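Data block below; observations after.
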Amino acid sequence: MLETAPPAKGLRAILRYDLPASLVVFLVALPLSLGIAVASNAPILAGIIAAIVGGIVAGALGGSPLQVSGPAAGLTVIVAGLIAEFGWGVTCAITVGAGLLQILFGLSRVARAALAISPVVVHAMLAGIGITIALQQMHVLLGGKSNSSAWENIEQLPAQLMNIQGAGFLLGMLVIVILVAWRWVPAPINRIPGPLVAIVGVTALSVLLPFDVKRIQINGSLLDSLSLPTLPTGDWDGIIAGVLTVALIASVESLLSAVSVDRMQNGPRTNFDRELIGQGAANTLSGAIGGLPVTGVIVRSSTNVAAGAKTRASAILHGVWILLFAVPFAGLAQLIPTSALAGLLIVIGCQLVKKAHIETARRTGDIAVYVITVLGVVFLNLLEGVLIGLALAVALTVWRVIRAKIVTEHIAGNDWRIVIEGSVSFLSLPRLTSALAAVPTGSNVTVELSVDFIDHAAHETIDEWKRQHIAGGGSVEIHEHGTAELHSATAGPPTRTFTPFDKRSGVVPWKSQPQTSSVMEGLETYHRRTAPVLRPHMEDLAHAQKPETLFITCVDSRVVPNVITSSGPGDLLTVRNVGNLIPEGRADASVEAAIAFAVEVLEVRSIVVCGHSSCGAMTALLGGDQGHDEHLHTWLEHGEATLRAFDQGRHPVAVAAAEEGFGVVDQLSMVNVALQAQTLASHPLVRARHRAGSLEVIGLFYDIGTAAALRVTPVSVDRLVEVAE
């Protein structure tokens, strides 16, 4: 069902936003459609037909309101191969079949499955197509004829360079120069699409000056170009393969383009199943009347978003403008030099090879997948290249998942250590047995096991080695730091398990780790496991600190500031005292020194006061029993102001806390946080920067039982979990 809007509001939006945007997209799409038809070795006006159908049909029925569809460079190699093998009429029939298959994909709601294809393979596929187009059109630019094979195009390029057709080469190079330089043209001139300027300008130049060059050949008008597909008479395997290839590549390219469009704008998101139905309907109609295959095109779509389009009306109108232009003026295309379109296609091909994609593949370790896929697409064919790339990407992913780090280290004397990390399965047995065998008989061995998956084969290998090593006079101590423990391999089918925290990170308490029950054992674990990971960061902090926040909290051992704030070394300057108090009148030199150092020297941007549930200091204040220790009694006198402000639960913060279900002690603790934050905000060292907005004062309450942090203001209590969700 098509989207509708109130007539007046909808019409105003279309006239204000979509109409101007559609004209911009039309000017971009017109020369590109002609060029893609040339690159596909299809009838020239087949590109125009596909642009009209893609704009109107896919624009109206598709699930991505701002995506613009039409003939795409990503299918040129496939279409050219199909035309060479089956002829144009059968290729149109293949396009119809691909469209019907896309409609079935959409109706069966499998659209999102297409997004499971590795982006690096898709990027490499487009790069391979771009290189193939550039190699083909290089010969046309030089005045020759392109070959179907990349090898042939490369082999014959030296001979072609010796026979350059000067006039055509000059015009084609002028197109390339205009397109490359157009990005630096100042506004408002650069609002005119570069491809339109290049093609129209060079064509006008070729007509005005006595250039004898090859030009586009069109047989008849746009109406004459409408034709029914030809039914195939044989080679059904090739036909079926063609239908599947066109349907899959067109679907993936359209869906990925739709994802990119969603990232560019804040309007309605794409309905992927509906998008496939719209693309399928467009391909079915385009093939049925003699047009090229249709996909969502990122160049036109990004232009549409940048031009300010708000609804699908822009895509539909751009198709209407192409139709209105092509019916009376299609013959003008015969004035365009073939070398000019070759220059346009060379630039389009080069633009498909994106530096950002190569850099991402290099940075993520997928560069081998990218390069091999590109080479496969260029020198084999598109389908084989993509399949090889997908197989390699899957193999690389499996390797990364199952690969375990297994290291044998000699510590000192008779002491050895074996470190096992990652996922350990029967595939790891060669390296595992080699590492275990490297330990001398009779030595004292510590096994650091930090794995998220371990199967019975690995467990059996470690267990048998341990038994033999001990029988040989050695000792074995196994420290398990991972989420999957050794005994789990025999308790049932192996599963990969995860916990929110790594046991080696210092977050899991000692009592949860039987192998770590004292500070010295904790330090030993730190030096073995955490210090190596932390060392690069600490090297940067070795000579100076620049914390963002002064964090004032209670001495309670259950409150861990870095855990609550998801921060690390160098982020927080922490001050602790009983009851997280800030004595009025600057009565405590220690707290004053910390505030002065944080604000005046380190120039922190925020100060946090954090109280907590079941606070002993608040319990003592509330009960009037501040203990027998004179030092504690003297310190808690600074909390009398909190007790007076609490006033038996009448303080707004106490009322808000009571409504949240907190008890009296916790209500007092929250009032204390609010009061200490107010004291800080009016502190002589803080007041000026706080009022200027350069220093924030924040009140927090940590509910130990639920591990939830709440924001405390002078009058309310807000659950931060609502923000996180």
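Note on naming: chains are A, B, ... as they come in the structure tokens, residues start from 1 per chain, ligands start from 1 in the order shown.
Around region 465-474 of chain A, within 7 Å and counting only C-alpha atoms, the residues found are Thr441, Gly442, Ser443, Asn444 and Thr461 of chain A, once anything fewer than 4 positions away on its own chain is removed.
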Could you list, as a ChimeraX atom specification, every residue within 12 Å of Ser613 (chain A), counting only C-alpha atoms and ignoring same-chain residues fewer than 3 positions away? /A:554,556,558-559,579,610,616-619,657,662-670,672-673,700-710
Atoms kept (C-alpha atoms) for selection, written as a short mmCIF file (atom, residue, chain, number, x, y, z; two decimals), in the first residue's frame:
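Everything below was put into selection.cif:
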```
data_model
loop_
_atom_site.label_atom_id
_atom_site.label_comp_id
_atom_site.auth_asym_id
_atom_site.auth_seq_id
_atom_site.Cartn_x
_atom_site.Cartn_y
_atom_site.Cartn_z
CA CYS A 554 32.43 6.71 50.21
CA ASP A 556 32.79 1.44 51.16
CA ARG A 558 31.50 -2.30 47.32
CA VAL A 559 31.62 1.01 45.44
CA GLY A 579 29.92 9.11 53.95
CA CYS A 610 28.49 9.43 44.74
CA GLY A 616 26.98 2.75 57.45
CA ALA A 617 27.63 6.46 57.91
CA MET A 618 24.03 7.34 57.08
CA THR A 619 22.79 4.56 59.36
CA ALA A 657 13.36 8.19 46.73
CA PHE A 662 13.90 3.06 48.83
CA GLY A 663 14.12 2.77 52.61
CA VAL A 664 14.85 5.55 55.08
CA VAL A 665 18.64 5.01 55.19
CA ASP A 666 18.89 5.16 51.40
CA GLN A 667 16.62 8.23 51.32
CA LEU A 668 19.01 9.97 53.72
CA SER A 669 21.97 8.89 51.58
CA MET A 670 20.38 10.47 48.50
CA ASN A 672 23.24 13.69 51.49
CA VAL A 673 24.38 13.44 47.85
CA LEU A 700 24.98 9.89 41.87
CA PHE A 701 23.54 7.15 44.06
CA TYR A 702 24.75 3.57 43.65
CA ASP A 703 22.19 0.92 44.58
CA ILE A 704 24.41 -2.02 45.52
CA GLY A 705 21.70 -4.68 45.44
CA THR A 706 20.74 -3.99 41.82
CA ALA A 707 24.12 -2.56 40.67
CA ALA A 708 22.19 0.44 39.31
CA ALA A 709 23.46 4.03 39.31
CA LEU A 710 20.86 6.80 39.75
#
```
Can you build me a table of region 207-315 of chain A residues sitting at most 12 Å from region 177-193 of chain A, with the closest atom pair per residue and its distance in Å to one decimal, using only C-alpha atoms, sorted by chain and residue number, as JSON lines?
```
{"residue": "A:Val299", "atom": "CA", "partner": "A:Pro193", "partner_atom": "CA", "distance": 11.4}
{"residue": "A:Arg300", "atom": "CA", "partner": "A:Pro193", "partner_atom": "CA", "distance": 10.8}
{"residue": "A:Thr303", "atom": "CA", "partner": "A:Pro193", "partner_atom": "CA", "distance": 9.3}
{"residue": "A:Asn304", "atom": "CA", "partner": "A:Pro193", "partner_atom": "CA", "distance": 11.9}
{"residue": "A:Ala306", "atom": "CA", "partner": "A:Arg191", "partner_atom": "CA", "distance": 10.4}
{"residue": "A:Ala307", "atom": "CA", "partner": "A:Arg191", "partner_atom": "CA", "distance": 9.1}
```
Okay, now the selection with all heavy atoms, as a JSON list (two decimals), in the first residue's frame?
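selection.json was written with the following content:
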```json
[["chain", "number", "residue", "atom", "x", "y", "z"],
["A", 299, "VAL", "N", 24.74, 6.52, -6.24],
["A", 299, "VAL", "CA", 25.10, 7.84, -6.75],
["A", 299, "VAL", "C", 23.85, 8.71, -6.85],
["A", 299, "VAL", "O", 23.83, 9.86, -6.37],
["A", 299, "VAL", "CB", 25.79, 7.73, -8.12],
["A", 299, "VAL", "CG1", 26.03, 9.12, -8.71],
["A", 299, "VAL", "CG2", 27.11, 6.98, -7.99],
["A", 300, "ARG", "N", 22.81, 8.20, -7.45],
["A", 300, "ARG", "CA", 21.57, 8.97, -7.60],
["A", 300, "ARG", "C", 20.89, 9.18, -6.24],
["A", 300, "ARG", "O", 20.34, 10.25, -5.96],
["A", 300, "ARG", "CB", 20.62, 8.26, -8.55],
["A", 300, "ARG", "CG", 21.23, 7.99, -9.91],
["A", 300, "ARG", "CD", 20.28, 7.26, -10.83],
["A", 300, "ARG", "NE", 21.03, 6.71, -11.98],
["A", 300, "ARG", "CZ", 20.48, 6.19, -13.04],
["A", 300, "ARG", "NH1", 19.17, 6.13, -13.14],
["A", 300, "ARG", "NH2", 21.22, 5.71, -14.03],
["A", 303, "THR", "N", 22.65, 11.79, -4.17],
["A", 303, "THR", "CA", 22.33, 13.09, -4.76],
["A", 303, "THR", "C", 20.93, 13.53, -4.35],
["A", 303, "THR", "O", 20.69, 14.70, -4.04],
["A", 303, "THR", "CB", 22.41, 13.02, -6.30],
["A", 303, "THR", "OG1", 23.73, 12.63, -6.68],
["A", 303, "THR", "CG2", 22.07, 14.36, -6.92],
["A", 304, "ASN", "N", 20.00, 12.57, -4.32],
["A", 304, "ASN", "CA", 18.62, 12.85, -3.94],
["A", 304, "ASN", "C", 18.54, 13.36, -2.50],
["A", 304, "ASN", "O", 17.88, 14.35, -2.21],
["A", 304, "ASN", "CB", 17.79, 11.57, -4.09],
["A", 304, "ASN", "CG", 16.30, 11.83, -4.00],
["A", 304, "ASN", "OD1", 15.79, 12.82, -4.51],
["A", 304, "ASN", "ND2", 15.59, 10.93, -3.33],
["A", 306, "ALA", "N", 21.07, 14.64, -0.68],
["A", 306, "ALA", "CA", 21.80, 15.91, -0.57],
["A", 306, "ALA", "C", 20.99, 17.07, -1.14],
["A", 306, "ALA", "O", 21.13, 18.21, -0.68],
["A", 306, "ALA", "CB", 23.13, 15.80, -1.29],
["A", 307, "ALA", "N", 20.13, 16.80, -2.13],
["A", 307, "ALA", "CA", 19.33, 17.86, -2.75],
["A", 307, "ALA", "C", 18.12, 18.22, -1.91],
["A", 307, "ALA", "O", 17.38, 19.14, -2.27],
["A", 307, "ALA", "CB", 18.89, 17.43, -4.15]]
```
At what distance in Å, to one decimal, does CA of Asn381 (chain A) lie from CA of Thr284 (chain A)? 24.8 Å
Check the DSSP output for the backbone and give back, as a list in words, the residues of region 442-495 of chain A in strand (DSSP E). Asn444, Val445, Thr446, Val447, Glu448, Leu449, Ser450, Val451, Asp452, Phe453, Ile454, Ser475, Val476, Glu477, Ile478, His479 and Glu480 of chain A
What does the structure give for the distance between CA of Glu253 (chain A) and CA of Leu380 (chain A), in Å to one decimal?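 Result for CA of Glu253 (chain A) versus CA of Leu380 (chain A): 20.4 Å, one decimal.
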Neighbour list for Val327 (chain A) as an NGL selection string, cut-off 9 Å, only C-alpha atoms, skip fewer than 5 positions in-chain: :A and (221-223 or 322)
Output of the above residues as a PDB file, in the first residue's frame, restricted to N, CA and C atoms:
```
ATOM      1  N   SER A 221      13.294   6.106 -32.383  1.00  0.00           N
ATOM      2  CA  SER A 221      12.958   6.902 -31.210  1.00  0.00           C
ATOM      3  C   SER A 221      12.843   6.012 -29.982  1.00  0.00           C
ATOM      4  N   LEU A 222      12.483   6.628 -28.864  1.00  0.00           N
ATOM      5  CA  LEU A 222      12.289   5.861 -27.627  1.00  0.00           C
ATOM      6  C   LEU A 222      11.161   4.853 -27.796  1.00  0.00           C
ATOM      7  N   LEU A 223      10.092   5.263 -28.488  1.00  0.00           N
ATOM      8  CA  LEU A 223       8.971   4.340 -28.710  1.00  0.00           C
ATOM      9  C   LEU A 223       9.403   3.175 -29.593  1.00  0.00           C
ATOM     10  N   ILE A 322      12.756  12.191 -17.036  1.00  0.00           N
ATOM     11  CA  ILE A 322      13.507  11.457 -18.063  1.00  0.00           C
ATOM     12  C   ILE A 322      12.578  11.050 -19.203  1.00  0.00           C
TER      13      ILE A 322
END
```
Interatomic distance, CA of Arg691 (chain A) to CA of Val591 (chain A) (Å, one decimal): 21.4 Å
Name all residues at most 10 Å from Gly242 (chain A) (count only C-alpha atoms; drop same-chain ones fewer than 6 positions away) and give them as a PyMOL selection string. chain A and resi 78-79+81-82+91+94-95+97-98+236+248+383
Pick out the residues sitting within 9 Å of Ala594 (chain A), and hand them over as a list of chain:residue names; count only C-alpha atoms, and ignore anything fewer than 6 positions along from it in its own chain. A:Leu550, A:Leu573, A:Thr574, A:Val575
Selection from above, C-alpha atoms, as a PDB file, in the first residue's frame, can you write it?
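As a result, part34.pdb now contains:
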```pdb
ATOM      1  CA  LEU A 550      36.943  14.398  40.217  1.00  0.00           C
ATOM      2  CA  LEU A 573      40.744  11.565  40.203  1.00  0.00           C
ATOM      3  CA  THR A 574      39.174   9.726  43.147  1.00  0.00           C
ATOM      4  CA  VAL A 575      38.638  10.970  46.700  1.00  0.00           C
TER       5      VAL A 575
END
```
Just asking: which residues within region 493-695 of chain A are helix (DSSP H, G or I) according to DSSP, as a ChimeraX atom specification? /A:503-505,510-512,519-541,561-564,584-586,589-601,616-623,630-646,652-659,664-681,687-692
Would you list the contacts of Leu30 (chain A) as JSON, numbers by chain, taking every protein, DNA or RNA residue within 12 Å and counting only C-alpha atoms, but skipping same-chain residues closer than 3 positions in sequence? {"A": [23, 24, 25, 26, 27, 33, 34, 35, 36, 37, 44, 45, 47, 48, 49, 50, 51, 52, 55, 70, 71, 193, 194, 195, 196, 197, 199, 200, 300, 318, 319, 320, 321, 322, 323, 324, 325, 326, 329, 330, 333, 341]}
Counting only C-alpha atoms, the option among A:Gln102, A:Ala340, A:Glu548, A:Gly349 closest to Leu135 (chain A):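 Among A:Gln102, A:Ala340, A:Glu548, A:Gly349, it is A:Gly349 that comes nearest to Leu135 (chain A).
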Val68 (chain A) environment, 7 Å, only C-alpha atoms, sequence neighbours closer than 6 positions dropped, as a list of chain:residue names: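 Final neighbour list, sorted by chain and number: A:Gly55, A:Gly59, A:Gly296, A:Val297, A:Arg300, A:Ser301, A:Ala315.
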Please produce a file of those selected residues containing N, CA, C and O atoms, as a PDB file, in the first residue's frame.
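File out.pdb, as written:
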```
ATOM      1  N   GLY A  55      12.801   4.751 -11.823  1.00  0.00           N
ATOM      2  CA  GLY A  55      12.350   5.913 -11.075  1.00  0.00           C
ATOM      3  C   GLY A  55      10.891   5.829 -10.682  1.00  0.00           C
ATOM      4  O   GLY A  55      10.539   6.037  -9.514  1.00  0.00           O
ATOM      5  N   GLY A  59      10.400   3.572  -7.404  1.00  0.00           N
ATOM      6  CA  GLY A  59      10.171   4.694  -6.505  1.00  0.00           C
ATOM      7  C   GLY A  59       8.820   4.618  -5.823  1.00  0.00           C
ATOM      8  O   GLY A  59       8.685   4.943  -4.644  1.00  0.00           O
ATOM      9  N   GLY A 296      18.834  -0.262  -7.033  1.00  0.00           N
ATOM     10  CA  GLY A 296      19.011   0.982  -6.313  1.00  0.00           C
ATOM     11  C   GLY A 296      20.420   1.489  -6.567  1.00  0.00           C
ATOM     12  O   GLY A 296      21.379   0.720  -6.506  1.00  0.00           O
ATOM     13  N   VAL A 297      20.567   2.774  -6.873  1.00  0.00           N
ATOM     14  CA  VAL A 297      21.866   3.332  -7.263  1.00  0.00           C
ATOM     15  C   VAL A 297      22.292   4.357  -6.221  1.00  0.00           C
ATOM     16  O   VAL A 297      21.606   5.363  -6.011  1.00  0.00           O
ATOM     17  N   ARG A 300      22.806   8.196  -7.454  1.00  0.00           N
ATOM     18  CA  ARG A 300      21.573   8.974  -7.598  1.00  0.00           C
ATOM     19  C   ARG A 300      20.893   9.176  -6.243  1.00  0.00           C
ATOM     20  O   ARG A 300      20.344  10.245  -5.962  1.00  0.00           O
ATOM     21  N   SER A 301      20.920   8.127  -5.402  1.00  0.00           N
ATOM     22  CA  SER A 301      20.256   8.212  -4.102  1.00  0.00           C
ATOM     23  C   SER A 301      20.920   9.247  -3.204  1.00  0.00           C
ATOM     24  O   SER A 301      20.238  10.038  -2.542  1.00  0.00           O
ATOM     25  N   ALA A 315      11.954  10.556  -6.338  1.00  0.00           N
ATOM     26  CA  ALA A 315      12.399   9.475  -7.222  1.00  0.00           C
ATOM     27  C   ALA A 315      11.413   9.273  -8.371  1.00  0.00           C
ATOM     28  O   ALA A 315      11.813   9.065  -9.525  1.00  0.00           O
TER      29      ALA A 315
END
```
May I ask which of the residues A:Thr530, A:Thr642, A:Thr364, A:Ser69 is the closest one to Glu275 (chain A), counting only C-alpha atoms?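 Between A:Thr530, A:Thr642, A:Thr364, A:Ser69, the residue approaching Glu275 (chain A) most closely is A:Ser69.
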